[in-house]
>>> print(open('start-v4.txt').read())   # compact mmCIF, C-alpha atoms
# COMPACT_ATOMS: atom_id res chain seq x y z
CA MET A 1 20.25 20.84 11.65
CA GLU A 2 18.09 18.85 9.23
CA ASP A 3 14.49 18.24 10.35
CA LYS A 4 13.75 14.49 10.15
CA ASN A 5 10.34 12.81 10.01
CA TYR A 6 11.68 9.63 11.65
CA PHE A 7 13.53 8.81 14.89
CA VAL A 8 17.07 7.41 15.22
CA HIS A 9 18.55 6.85 18.68
CA GLU A 10 21.89 8.60 19.17
CA SER A 11 23.67 5.26 19.72
CA SER A 12 22.78 4.01 16.22
CA TYR A 13 24.84 4.38 13.02
CA ILE A 14 23.31 5.31 9.68
CA ASP A 15 25.65 5.08 6.67
CA GLU A 16 25.40 7.31 3.62
CA ASP A 17 22.80 6.52 0.94
CA VAL A 18 20.22 5.07 3.36
CA GLU A 19 16.53 5.90 2.99
CA ILE A 20 14.29 5.89 6.06
CA GLY A 21 10.53 6.36 5.73
CA GLU A 22 8.33 8.74 7.65
CA GLY A 23 7.36 7.67 11.16
CA THR A 24 10.01 4.94 11.41
CA LYS A 25 11.75 4.44 14.77
CA ILE A 26 15.29 3.06 15.02
CA TRP A 27 16.30 2.23 18.58
CA HIS A 28 19.58 1.61 20.44
CA PHE A 29 22.77 0.26 18.81
CA CYS A 30 21.39 -0.30 15.31
CA HIS A 31 23.45 -0.10 12.12
CA LEU A 32 21.90 0.66 8.73
CA GLN A 33 24.41 0.11 5.92
CA ARG A 34 24.82 1.82 2.58
CA GLY A 35 21.95 1.36 0.14
CA ALA A 36 19.42 0.12 2.73
CA ARG A 37 15.83 1.20 2.14
CA ILE A 38 13.48 1.29 5.13
CA GLY A 39 9.77 1.97 4.65
CA LYS A 40 7.34 4.13 6.60
CA ARG A 41 6.13 3.41 10.16
CA CYS A 42 8.69 0.67 10.83
CA SER A 43 10.18 -0.17 14.21
CA LEU A 44 13.73 -1.50 14.52
CA GLY A 45 14.51 -2.73 18.03
CA GLN A 46 17.83 -2.72 19.84
CA ASN A 47 20.91 -4.08 18.04
CA VAL A 48 19.36 -4.52 14.58
CA ASN A 49 21.74 -4.65 11.63
CA VAL A 50 20.42 -3.85 8.15
CA SER A 51 23.08 -4.72 5.56
CA ASN A 52 23.82 -3.15 2.20
CA HIS A 53 20.90 -2.85 -0.23
CA VAL A 54 18.35 -4.58 2.03
CA ARG A 55 14.74 -3.57 1.33
CA ILE A 56 12.19 -3.25 4.14
CA GLY A 57 8.58 -2.34 3.33
CA ASP A 58 6.15 -0.16 5.29
CA GLY A 59 4.88 -1.10 8.73
CA CYS A 60 7.52 -3.75 9.54
CA LYS A 61 8.47 -4.59 13.13
CA ILE A 62 11.96 -5.96 13.61
CA GLN A 63 12.65 -6.98 17.19
CA ASN A 64 15.98 -6.94 19.09
CA ASN A 65 19.13 -8.65 17.79
CA VAL A 66 18.03 -9.30 14.19
CA SER A 67 20.47 -9.02 11.27
CA LEU A 68 19.05 -8.59 7.79
CA TYR A 69 21.86 -9.52 5.40
CA GLU A 70 22.26 -8.39 1.82
CA GLY A 71 19.76 -10.25 -0.37
CA VAL A 72 16.92 -10.12 2.18
CA GLU A 73 13.73 -8.28 1.28
CA LEU A 74 10.76 -7.75 3.59
CA GLU A 75 7.45 -6.67 2.07
CA ASN A 76 4.95 -4.57 4.05
CA ASP A 77 3.84 -5.43 7.61
CA VAL A 78 6.38 -8.20 8.23
CA PHE A 79 7.17 -9.13 11.86
CA CYS A 80 10.63 -10.44 12.78
CA GLY A 81 10.77 -11.81 16.32
CA PRO A 82 13.73 -11.36 18.69
CA SER A 83 17.00 -12.90 17.50
CA CYS A 84 15.52 -14.49 14.37
CA VAL A 85 18.21 -15.27 11.79
CA PHE A 86 18.54 -14.72 8.05
CA THR A 87 21.37 -16.07 5.91
CA ASN A 88 22.55 -15.15 2.40
CA ASP A 89 25.18 -17.76 1.49
CA LEU A 90 24.53 -21.51 1.29
CA THR A 91 28.21 -22.50 1.35
CA PRO A 92 30.11 -19.84 3.32
CA ARG A 93 33.86 -19.99 3.74
CA ALA A 94 35.91 -17.38 5.59
CA LYS A 95 38.88 -18.10 3.31
CA TYR A 96 36.85 -17.96 0.06
CA PRO A 97 34.35 -15.10 0.28
CA LYS A 98 32.02 -14.83 -2.71
CA GLY A 99 30.77 -11.29 -2.26
CA SER A 100 27.30 -10.16 -3.24
CA ALA A 101 27.38 -12.08 -6.54
CA GLY A 102 27.19 -15.32 -4.53
CA TYR A 103 24.32 -14.29 -2.28
CA HIS A 104 20.91 -15.94 -2.53
CA LYS A 105 17.78 -13.81 -2.25
CA THR A 106 15.28 -14.31 0.55
CA LEU A 107 11.81 -12.78 0.20
CA VAL A 108 9.39 -12.44 3.12
CA LYS A 109 5.98 -11.50 1.74
CA GLU A 110 3.35 -9.17 3.14
CA GLY A 111 2.15 -9.75 6.68
CA ALA A 112 4.32 -12.80 7.41
CA SER A 113 5.62 -13.32 10.97
CA ILE A 114 8.87 -15.01 11.93
CA GLY A 115 9.09 -16.18 15.54
CA ALA A 116 11.88 -15.63 18.04
CA ASN A 117 15.12 -17.50 17.27
CA ALA A 118 13.75 -18.92 14.01
CA THR A 119 16.17 -19.26 11.08
CA VAL A 120 15.31 -18.62 7.43
CA VAL A 121 17.86 -20.28 5.15
CA CYS A 122 18.56 -18.10 2.11
CA GLY A 123 17.11 -18.68 -1.33
CA HIS A 124 13.55 -19.17 -0.12
CA THR A 125 10.27 -17.24 -0.04
CA VAL A 126 8.05 -16.96 3.02
CA GLY A 127 4.48 -16.49 1.78
CA LYS A 128 1.95 -13.82 2.69
CA TRP A 129 0.57 -14.00 6.22
CA ALA A 130 2.59 -17.15 6.98
CA LEU A 131 3.61 -17.79 10.59
CA ILE A 132 7.01 -19.29 11.38
CA GLY A 133 7.08 -20.67 14.94
CA ALA A 134 9.78 -19.80 17.46
CA GLY A 135 13.00 -21.75 16.87
CA ALA A 136 11.89 -23.21 13.52
CA VAL A 137 14.39 -23.60 10.67
CA VAL A 138 12.91 -22.72 7.28
CA ALA A 139 14.78 -24.61 4.54
CA SER A 140 12.13 -24.52 1.76
CA ASP A 141 9.57 -22.14 0.33
CA VAL A 142 6.60 -21.43 2.61
CA PRO A 143 3.04 -21.13 1.19
CA ASP A 144 0.81 -18.15 1.97
CA HIS A 145 -0.94 -18.54 5.36
CA ALA A 146 1.13 -21.62 6.33
CA LEU A 147 1.92 -22.39 9.97
CA MET A 148 5.50 -23.74 10.04
CA LEU A 149 7.01 -25.44 13.10
CA GLY A 150 10.10 -27.51 13.93
CA VAL A 151 13.55 -28.33 12.63
CA PRO A 152 13.42 -28.48 9.70
CA ALA A 153 10.18 -26.51 9.59
CA GLN A 154 7.13 -28.51 8.54
CA GLN A 155 3.67 -27.18 7.82
CA ARG A 156 1.37 -27.87 10.79
CA GLY A 157 -1.71 -25.93 9.74
CA TRP A 158 -2.96 -22.64 8.36
CA VAL A 159 -3.20 -19.18 9.90
CA CYS A 160 -5.56 -16.28 9.36
CA GLU A 161 -4.47 -12.84 8.25
CA CYS A 162 -5.09 -11.78 11.88
CA GLY A 163 -2.60 -14.42 13.11
CA GLN A 164 -4.95 -16.99 14.65
CA VAL A 165 -4.65 -20.67 13.73
CA LEU A 166 -7.56 -21.61 11.47
CA ARG A 167 -10.08 -24.33 12.26
CA GLN A 168 -11.10 -26.76 9.56
CA THR A 169 -14.87 -26.66 9.00
CA GLY A 170 -15.14 -28.90 5.94
CA ILE A 171 -13.00 -30.92 3.55
CA SER A 172 -11.29 -27.81 2.20
CA ASP A 173 -12.94 -25.05 4.26
CA TYR A 174 -11.40 -23.11 7.15
CA ARG A 175 -12.61 -20.43 9.55
CA CYS A 176 -10.86 -18.10 11.97
CA PRO A 177 -12.18 -18.52 15.54
CA ASP A 178 -11.27 -14.90 16.35
CA CYS A 179 -12.16 -12.61 13.44
CA GLY A 180 -14.51 -14.95 11.51
CA ARG A 181 -12.70 -14.77 8.15
CA THR A 182 -13.30 -17.85 6.02
CA TYR A 183 -10.86 -19.56 3.66
CA GLN A 184 -10.90 -22.37 1.13
CA LEU A 185 -8.04 -24.61 0.07
CA LYS A 186 -7.76 -24.73 -3.73
CA GLU A 187 -4.91 -26.61 -5.42
CA GLU A 188 -2.79 -26.45 -2.23
CA GLN A 189 -3.26 -22.67 -1.94
CA LEU A 190 -5.40 -21.11 0.78
CA GLU A 191 -7.72 -18.37 -0.48
CA GLU A 192 -9.84 -16.03 1.59
CA MET A 193 -13.55 -16.22 0.73
CA LYS A 194 -15.12 -12.78 0.29
>>> encode(input="start-v4.txt", output="structure tokens")
Amino acid sequence: MEDKNYFVHESSYIDEDVEIGEGTKIWHFCHLQRGARIGKRCSLGQNVNVSNHVRIGDGCKIQNNVSLYEGVELENDVFCGPSCVFTNDLTPRAKYPKGSAGYHKTLVKEGASIGANATVVCGHTVGKWALIGAGAVVASDVPDHALMLGVPAQQRGWVCECGQVLRQTGISDYRCPDCGRTYQLKEEQLEEMK
């Protein structure tokens, strides 16, 4: 028997031509489809479906009941809360399937978190370290560090790399109340001050 450097629960299905990184754990009732690429040290909770050719970076945590459809890419250290939803077709019809040529790409950048039951409509990018609140519906691109809430999701503030909501300390200055990182808003982009 082949010695693996990752864990797959016996109830899960792994198709041919799937790559799984070292230290990754795949729990009960998951399905990883042909061409999927999973990074190192990831955790896929119960009932996660990873469709054909999906890319998942290192250190991602994907909670129970999440389906990552073809066209979705997660960069490193992305968190997907329980039952969050991704789409890949803006005008689906059962009678007129488009196939992968009709799918729209969704990119979730490094460190972003998507809350439980949130929906990310395809064709958009969720920026680095952004935080999508539980139940929100993302229907536009999300800036780095943005806090997005509601239906449709609207920006309600900024979040630190550590996940805490930032406090405004000046006209364009922000500080994290937990870790002390400081940020400055420049041309509608939040930048960490070193």
>>> residues_near_point(input="start-v4.txt", point="(13.1, -7.8, 5.0)", cutoff="6 Å", atoms="all atoms listed in the file", output="PyMOL selection string")
chain A and resi 55-56+72-74
>>> closest_residue(input="start-v4.txt", among="A:Ile14, A:Cys179, A:Leu44, A:Cys80", to="A:His31", atoms="all atoms listed in the file")
A:Ile14
>>> atom_distance(input="start-v4.txt", atom1="atom CA of A:Lys40", atom2="atom CA of A:Ala116")
23.3 Å
>>> closest_atom_pairs(input="start-v4.txt", of="stretch 93-147 of chain A", to="stretch 162-174 of chain A", cutoff="9 Å", atoms="only C-alpha atoms", output="tab-separated table")
residue	atom	partner	partner_atom	distance
A:Ser113	CA	A:Gly163	CA	8.6
A:Trp129	CA	A:Gly163	CA	7.6
A:Ala130	CA	A:Gly163	CA	8.5
A:Leu131	CA	A:Gly163	CA	7.5
A:His145	CA	A:Gly163	CA	8.9
A:Leu147	CA	A:Val165	CA	7.8
>>> residues_near_point(input="start-v4.txt", point="(26.1, -8.8, 14.3)", cutoff="9 Å", atoms="all atoms listed in the file", output="JSON, numbers by chain")
{"A": [47, 48, 49, 65, 66, 67]}
>>> residues_around(input="start-v4.txt", residues="stretch 135-144 of chain A", least_positions_apart="6", cutoff="12 Å", atoms="only C-alpha atoms", output="JSON, numbers by chain")
{"A": [81, 82, 83, 84, 85, 86, 87, 90, 105, 106, 107, 108, 109, 110, 111, 112, 113, 114, 115, 116, 117, 118, 119, 120, 121, 122, 123, 124, 125, 126, 127, 128, 129, 150, 151, 152, 153, 154, 155, 156, 157, 158, 159, 160, 161, 183, 185, 187, 188, 189, 190, 191, 192]}
